[in-house]
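What follows is work.pdb (PDB, C-alpha atoms).
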```pdb
ATOM      1  CA  MET A 843      15.409  27.299  14.225
ATOM      2  CA  GLY A 844      15.409  23.566  13.560
ATOM      3  CA  LEU A 845      14.381  21.719  10.418
ATOM      4  CA  LEU A 846      11.000  20.821  11.898
ATOM      5  CA  ASP A 847      10.233  24.509  12.411
ATOM      6  CA  SER A 848      11.043  25.411   8.805
ATOM      7  CA  LEU A 849       9.406  22.548   6.880
ATOM      8  CA  PRO A 850       5.679  22.444   6.186
ATOM      9  CA  LEU A 851       4.718  19.628   8.540
ATOM     10  CA  PRO A 852       1.132  18.843   9.475
ATOM     11  CA  PRO A 853       0.038  21.288  12.230
ATOM     12  CA  ILE A 854      -0.029  18.649  14.967
ATOM     13  CA  CYS A 855       3.584  17.714  14.195
ATOM     14  CA  ARG A 856       4.731  21.329  14.187
ATOM     15  CA  MET A 857       2.995  21.899  17.484
ATOM     16  CA  ARG A 858       4.653  18.933  19.203
ATOM     17  CA  ARG A 859       7.864  18.754  17.140
ATOM     18  CA  LEU A 860       7.332  15.008  16.672
ATOM     19  CA  THR A 861       8.131  14.221  20.277
ATOM     20  CA  THR A 862       4.651  13.246  21.439
ATOM     21  CA  TYR A 863       2.673  12.643  18.259
ATOM     22  CA  PHE A 864       3.371  11.385  14.810
ATOM     23  CA  ALA A 865       1.477  11.720  11.596
ATOM     24  CA  LEU A 866       0.015   8.544  10.234
ATOM     25  CA  PHE A 867      -0.952   8.508   6.597
ATOM     26  CA  LEU A 868      -4.041   6.948   5.178
ATOM     27  CA  THR A 869      -3.324   6.074   1.593
ATOM     28  CA  LEU A 870      -6.301   5.510  -0.628
ATOM     29  CA  GLN A 871      -5.624   3.258  -3.597
ATOM     30  CA  PHE A 872      -8.445   2.554  -5.987
ATOM     31  CA  ASN A 873      -8.012  -0.346  -8.376
ATOM     32  CA  CYS A 874     -11.446  -1.846  -8.917
ATOM     33  CA  ASN A 875     -12.539  -2.941 -12.359
ATOM     34  CA  GLY A 876     -15.520  -1.357 -13.963
ATOM     35  CA  GLN A 877     -15.361   2.133 -12.462
ATOM     36  CA  SER A 878     -12.669   4.689 -13.090
ATOM     37  CA  ILE A 879     -13.539   7.486 -10.659
ATOM     38  CA  PHE A 880     -14.583   7.429  -6.998
ATOM     39  CA  ASN A 881     -15.491  10.492  -4.946
ATOM     40  CA  LEU A 882     -14.320  11.084  -1.391
ATOM     41  CA  THR A 883     -16.033  14.228  -0.096
ATOM     42  CA  ASP A 884     -14.624  17.088  -2.198
ATOM     43  CA  SER A 885     -11.839  15.096  -3.819
ATOM     44  CA  VAL A 886     -12.036  13.015  -6.983
ATOM     45  CA  PHE A 887      -9.879   9.913  -7.269
ATOM     46  CA  LYS A 888      -9.154   7.886 -10.372
ATOM     47  CA  VAL A 889      -8.686   4.139 -10.228
ATOM     48  CA  GLY A 890      -5.080   3.366  -9.308
ATOM     49  CA  GLN A 891      -4.378   6.837  -7.922
ATOM     50  CA  ILE A 892      -2.918   7.033  -4.410
ATOM     51  CA  GLN A 893      -3.842   9.914  -2.120
ATOM     52  CA  LYS A 894      -2.074  10.390   1.223
ATOM     53  CA  ILE A 895      -4.165  11.765   4.055
ATOM     54  CA  HIS A 896      -2.811  12.767   7.494
ATOM     55  CA  VAL A 897      -4.173  11.085  10.610
ATOM     56  CA  THR A 898      -2.521  11.413  14.024
ATOM     57  CA  TYR A 899      -1.948   8.851  16.782
ATOM     58  CA  ASP A 900      -0.188   9.121  20.104
ATOM     59  CA  PHE A 901       3.468   8.219  19.634
ATOM     60  CA  SER A 902       3.433   6.234  22.872
ATOM     61  CA  GLY A 903       2.367   3.067  21.089
ATOM     62  CA  GLY A 904      -1.350   3.758  21.351
ATOM     63  CA  CYS A 905      -3.655   2.438  18.666
ATOM     64  CA  HIS A 906      -6.580   4.879  18.880
ATOM     65  CA  PRO A 907      -6.664   7.782  16.409
ATOM     66  CA  ARG A 908      -6.483  11.201  18.048
ATOM     67  CA  VAL A 909      -9.652  13.295  18.179
ATOM     68  CA  GLU A 910      -8.399  15.610  15.415
ATOM     69  CA  SER A 911      -8.429  12.603  13.053
ATOM     70  CA  VAL A 912     -12.158  11.965  13.490
ATOM     71  CA  PRO A 913     -13.317  14.324  10.683
ATOM     72  CA  LEU A 914     -11.003  12.547   8.240
ATOM     73  CA  LEU A 915     -12.189   9.104   9.315
ATOM     74  CA  ASP A 916     -15.768  10.346   9.044
ATOM     75  CA  SER A 917     -15.149  11.484   5.470
ATOM     76  CA  ILE A 918     -13.850   8.006   4.624
ATOM     77  CA  TYR A 919     -16.931   6.546   6.322
ATOM     78  CA  ASP A 920     -19.135   8.816   4.165
ATOM     79  CA  PHE A 921     -17.255   7.604   1.088
ATOM     80  CA  LEU A 922     -17.871   3.979   2.078
ATOM     81  CA  GLU A 923     -21.553   4.682   2.698
ATOM     82  CA  LYS A 924     -21.908   6.212  -0.777
ATOM     83  CA  ASN A 925     -20.051   3.293  -2.375
ATOM     84  CA  ARG A 926     -21.671   0.302  -0.682
ATOM     85  CA  ASP A 927     -20.373  -2.104  -3.318
ATOM     86  CA  LEU A 928     -16.731  -1.645  -2.295
ATOM     87  CA  LYS A 929     -14.700  -3.839   0.037
ATOM     88  CA  ILE A 930     -11.546  -2.357   1.578
ATOM     89  CA  GLU A 931      -8.415  -3.446   3.364
ATOM     90  CA  VAL A 932      -7.048  -1.298   6.168
ATOM     91  CA  GLY A 933      -3.292  -1.921   6.262
ATOM     92  CA  GLY A 934      -1.047  -0.697   9.079
ATOM     93  CA  HIS A 935       2.665   0.133   8.765
ATOM     94  CA  THR A 936       5.408   1.153  11.224
ATOM     95  CA  ASP A 937       8.945   2.467  11.008
ATOM     96  CA  TYR A 938      11.833   0.018  11.540
ATOM     97  CA  ARG A 939      12.561   0.982  15.152
ATOM     98  CA  GLY A 940      11.559  -1.560  17.755
ATOM     99  CA  ASP A 941      11.539  -5.290  17.287
ATOM    100  CA  SER A 942       9.717  -6.868  14.360
ATOM    101  CA  ILE A 943       7.151  -8.710  16.483
ATOM    102  CA  THR A 944       6.159  -5.546  18.363
ATOM    103  CA  ASN A 945       5.988  -3.526  15.140
ATOM    104  CA  LYS A 946       3.801  -6.146  13.468
ATOM    105  CA  ARG A 947       1.490  -6.264  16.475
ATOM    106  CA  LEU A 948       1.285  -2.445  16.721
ATOM    107  CA  SER A 949       0.555  -2.023  13.010
ATOM    108  CA  ASP A 950      -2.114  -4.718  13.209
ATOM    109  CA  MET A 951      -3.740  -3.097  16.278
ATOM    110  CA  ARG A 952      -3.859   0.312  14.581
ATOM    111  CA  ALA A 953      -5.322  -1.126  11.374
ATOM    112  CA  SER A 954      -7.820  -3.084  13.451
ATOM    113  CA  ARG A 955      -8.817   0.038  15.381
ATOM    114  CA  VAL A 956      -9.521   1.964  12.164
ATOM    115  CA  LYS A 957     -11.573  -0.994  10.925
ATOM    116  CA  GLU A 958     -13.476  -1.078  14.238
ATOM    117  CA  TYR A 959     -14.193   2.646  13.922
ATOM    118  CA  PHE A 960     -15.943   2.044  10.603
ATOM    119  CA  ILE A 961     -17.862  -0.948  12.009
ATOM    120  CA  GLU A 962     -19.011   1.134  14.998
ATOM    121  CA  LYS A 963     -20.277   3.755  12.528
ATOM    122  CA  GLY A 964     -22.317   1.099  10.695
ATOM    123  CA  ILE A 965     -20.146  -0.261   7.879
ATOM    124  CA  ASP A 966     -20.791  -3.986   7.320
ATOM    125  CA  ILE A 967     -17.931  -6.054   8.774
ATOM    126  CA  ASN A 968     -17.915  -8.172   5.589
ATOM    127  CA  ARG A 969     -16.757  -5.115   3.631
ATOM    128  CA  LEU A 970     -13.680  -4.587   5.791
ATOM    129  CA  GLU A 971     -10.382  -6.420   6.235
ATOM    130  CA  HIS A 972      -7.311  -5.325   8.137
ATOM    131  CA  LYS A 973      -3.680  -6.348   8.141
ATOM    132  CA  GLY A 974      -0.573  -5.176   9.966
ATOM    133  CA  TYR A 975       2.541  -5.076   7.805
ATOM    134  CA  GLY A 976       4.959  -3.844  10.469
ATOM    135  CA  GLU A 977       8.089  -2.233   9.045
ATOM    136  CA  TYR A 978       8.343  -4.487   5.991
ATOM    137  CA  ARG A 979       6.855  -2.113   3.403
ATOM    138  CA  PRO A 980       8.636   1.242   3.690
ATOM    139  CA  THR A 981       6.957   4.141   1.938
ATOM    140  CA  ILE A 982       8.228   5.411  -1.412
ATOM    141  CA  VAL A 983       8.697   9.167  -1.781
ATOM    142  CA  ASP A 984       6.145  10.553  -4.236
ATOM    143  CA  ALA A 985       6.134  13.997  -5.888
ATOM    144  CA  LYS A 986       3.986  15.593  -3.175
ATOM    145  CA  THR A 987       6.245  14.272  -0.400
ATOM    146  CA  ASN A 988       9.371  15.330  -2.328
ATOM    147  CA  GLU A 989       7.934  18.828  -2.709
ATOM    148  CA  GLN A 990       7.189  19.034   1.010
ATOM    149  CA  TYR A 991      10.525  17.463   2.042
ATOM    150  CA  PRO A 992      13.012  18.201  -0.770
ATOM    151  CA  PHE A 993      15.857  16.407   1.032
ATOM    152  CA  LEU A 994      14.042  13.115   0.261
ATOM    153  CA  ASN A 995      14.683  11.821  -3.250
ATOM    154  CA  LEU A 996      11.699  11.296  -5.516
ATOM    155  CA  GLY A 997      11.028   7.563  -5.909
ATOM    156  CA  GLN A 998      13.250   6.662  -2.953
ATOM    157  CA  LYS A 999      12.117   3.817  -0.699
ATOM    158  CA  LEU A1000      12.568   4.938   2.920
ATOM    159  CA  THR A1001      14.529   1.907   4.098
ATOM    160  CA  GLU A1002      16.520   1.657   7.307
ATOM    161  CA  ASP A1003      19.796   2.102   5.378
ATOM    162  CA  TYR A1004      18.532   5.211   3.575
ATOM    163  CA  ILE A1005      17.172   6.792   6.758
ATOM    164  CA  LYS A1006      20.393   6.188   8.687
ATOM    165  CA  LYS A1007      22.330   8.046   5.954
ATOM    166  CA  LEU A1008      20.243  11.215   6.334
ATOM    167  CA  ASP A1009      22.481  13.896   7.827
ATOM    168  CA  THR A1010      20.359  15.083  10.766
ATOM    169  CA  VAL A1011      18.192  13.453  13.407
ATOM    170  CA  GLU A1012      15.327  15.756  12.389
ATOM    171  CA  LYS A1013      15.429  14.484   8.805
ATOM    172  CA  GLN A1014      15.540  10.920  10.074
ATOM    173  CA  GLU A1015      12.471  11.583  12.269
ATOM    174  CA  ILE A1016      10.555  12.924   9.277
ATOM    175  CA  ALA A1017      11.404   9.768   7.306
ATOM    176  CA  HIS A1018      10.252   7.613  10.236
ATOM    177  CA  MET A1019       7.046   9.635  10.436
ATOM    178  CA  LEU A1020       6.358   8.960   6.754
ATOM    179  CA  ASN A1021       6.802   5.212   7.253
ATOM    180  CA  ARG A1022       4.292   5.136  10.139
ATOM    181  CA  ARG A1023       1.041   5.033   8.213
ATOM    182  CA  THR A1024      -2.190   3.211   7.533
ATOM    183  CA  GLU A1025      -3.340   2.446   4.023
ATOM    184  CA  ILE A1026      -6.896   1.986   2.887
ATOM    185  CA  LYS A1027      -7.100   0.040  -0.351
ATOM    186  CA  ILE A1028     -10.166  -0.994  -2.280
ATOM    187  CA  ILE A1029      -9.782  -4.726  -2.807
ATOM    188  CA  ASP A1030     -13.114  -5.740  -4.288
ATOM    189  CA  LYS A1031     -16.257  -4.413  -5.873
ATOM    190  CA  THR A1032     -19.411  -6.383  -5.186
ATOM    191  CA  ASN A1033     -22.826  -6.113  -6.781
ATOM    192  CA  ARG A1034     -24.547  -4.916  -3.633
ATOM    193  CA  PRO A1035     -27.043  -2.061  -3.902
TER     194      PRO A1035
END
```
Representation of the structure as structure tokens:
Amino acid sequence: MGLLDSLPLPPICRMRRLTTYFALFLTLQFNCNGQSIFNLTDSVFKVGQIQKIHVTYDFSGGCHPRVESVPLLDSIYDFLEKNRDLKIEVGGHTDYRGDSITNKRLSDMRASRVKEYFIEKGIDINRLEHKGYGEYRPTIVDAKTNEQYPFLNLGQKLTEDYIKKLDTVEKQEIAHMLNRRTEIKIIDKTNRP
């Protein structure tokens, strides 16, 4: 039994053992002035709190979220509909593998596709921005990630050097998976009704 079979990975990753799919995280970061709590379906978020949410994409370099990610994206859409005064940035991130130009382009395409999904559902384009960061902002291991993957040190930035020092390919793949993510960040609060 390999590491991927024993660790609590998202179901899609366990099913495919990270060979065909990877988990992409949507990180919600709320930092608007004037309101301290926002609701996203059944969850309550405080301003400044970051919540990681799993979304899956094809590993083949595709930029469209997989069908199993639609309910999650719909819940974020519902959140945006209920909070029409918020403007968000959709930021895409990749792991360090591949060249920097390709990674930047891929992260930008994925962030753009998530933005387009919300526009297609009816969110005003003026409330949405997107940006691809490529591999330049590796994720930092938080308590939840450390609990799920105890071989990753709490507070550790998952840089290329750190990942290469992990003792198995499976552990390295998990670290890469964590770096491939999209972040949704509230960047402004308007006075719209």
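Of the listed residues (A:Asn995, A:Asn925, A:Thr1001, A:Ser954), A:Ser954 comes nearest to Glu971 in chain A; the distances count all atoms listed in the file.
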May I have the residues within 9 Å of Tyr959 in chain A as a list in words, using only C-alpha atoms and disregarding those fewer than 5 positions away in the same chain?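 My list of contacting residues is Leu915, Tyr919, Ser954, Gly964 and Ile965 of chain A.
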Looking at all atoms listed in the file, which of A:Ala953, A:His906, A:Lys963, A:Gly940 is the one that sits closest to Asp920 in chain A? A:Lys963
Evaluate the PyMOL selection byres ((chain A and resi 972-977) around 7) on the structure here and hand back the selected residues as a PyMOL selection string. chain A and resi 931-938+942+945-947+949-950+953-954+957+970-971+978-980
For CA of Glu1025 in chain A and CA of Ile930 in chain A, the interatomic separation in Å (one decimal):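 According to the coordinates, CA of Glu1025 in chain A and CA of Ile930 in chain A are separated by 9.8 Å.
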What does the distance from CA of Ile1005 in chain A to CA of Ala1017 in chain A come to in Å, to one decimal?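 CA of Ile1005 in chain A sits 6.5 Å away from CA of Ala1017 in chain A.
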Of the candidates A:Leu914, A:Thr981, A:Arg939, A:Asp927, which shows the shortest atom-to-atom distance to Lys1006 in chain A, using only C-alpha atoms?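 Looking at the shortest contact to Lys1006 in chain A, the residue is A:Arg939.
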Compile the contact shell of Asp966 in chain A as a PyMOL selection string: residues with an atom at most 10 Å away, counting only C-alpha atoms, same-chain residues fewer than 2 positions apart removed. chain A and resi 922-923+926+929+960-964+968-970
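What separates CA of Gln990 in chain A from CA of His1018 in chain A is a distance of 15.0 Å.
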Please return the centre and edge lengths, in Å to one decimal, of a box with edges along x, y and z that contains all listed atoms of range 957-964 of chain A, widened by 5 Å on every side, as AutoDock Vina command-line options.
```
--center_x -16.9 --center_y 1.3 --center_z 12.8 --size_x 20.7 --size_y 14.8 --size_z 14.4
```
May I ask which of the residues A:Arg908, A:Lys986, A:Lys924, A:Lys999 is the closest one to Arg955 in chain A, counting all atoms listed in the file?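 The answer is A:Arg908, which sits nearest to Arg955 in chain A.
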Nearest candidate to Pro907 in chain A (options A:Ile1016, A:Leu928, A:Val956, A:Leu994; using only C-alpha atoms):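 Nearest to Pro907 in chain A: A:Val956.
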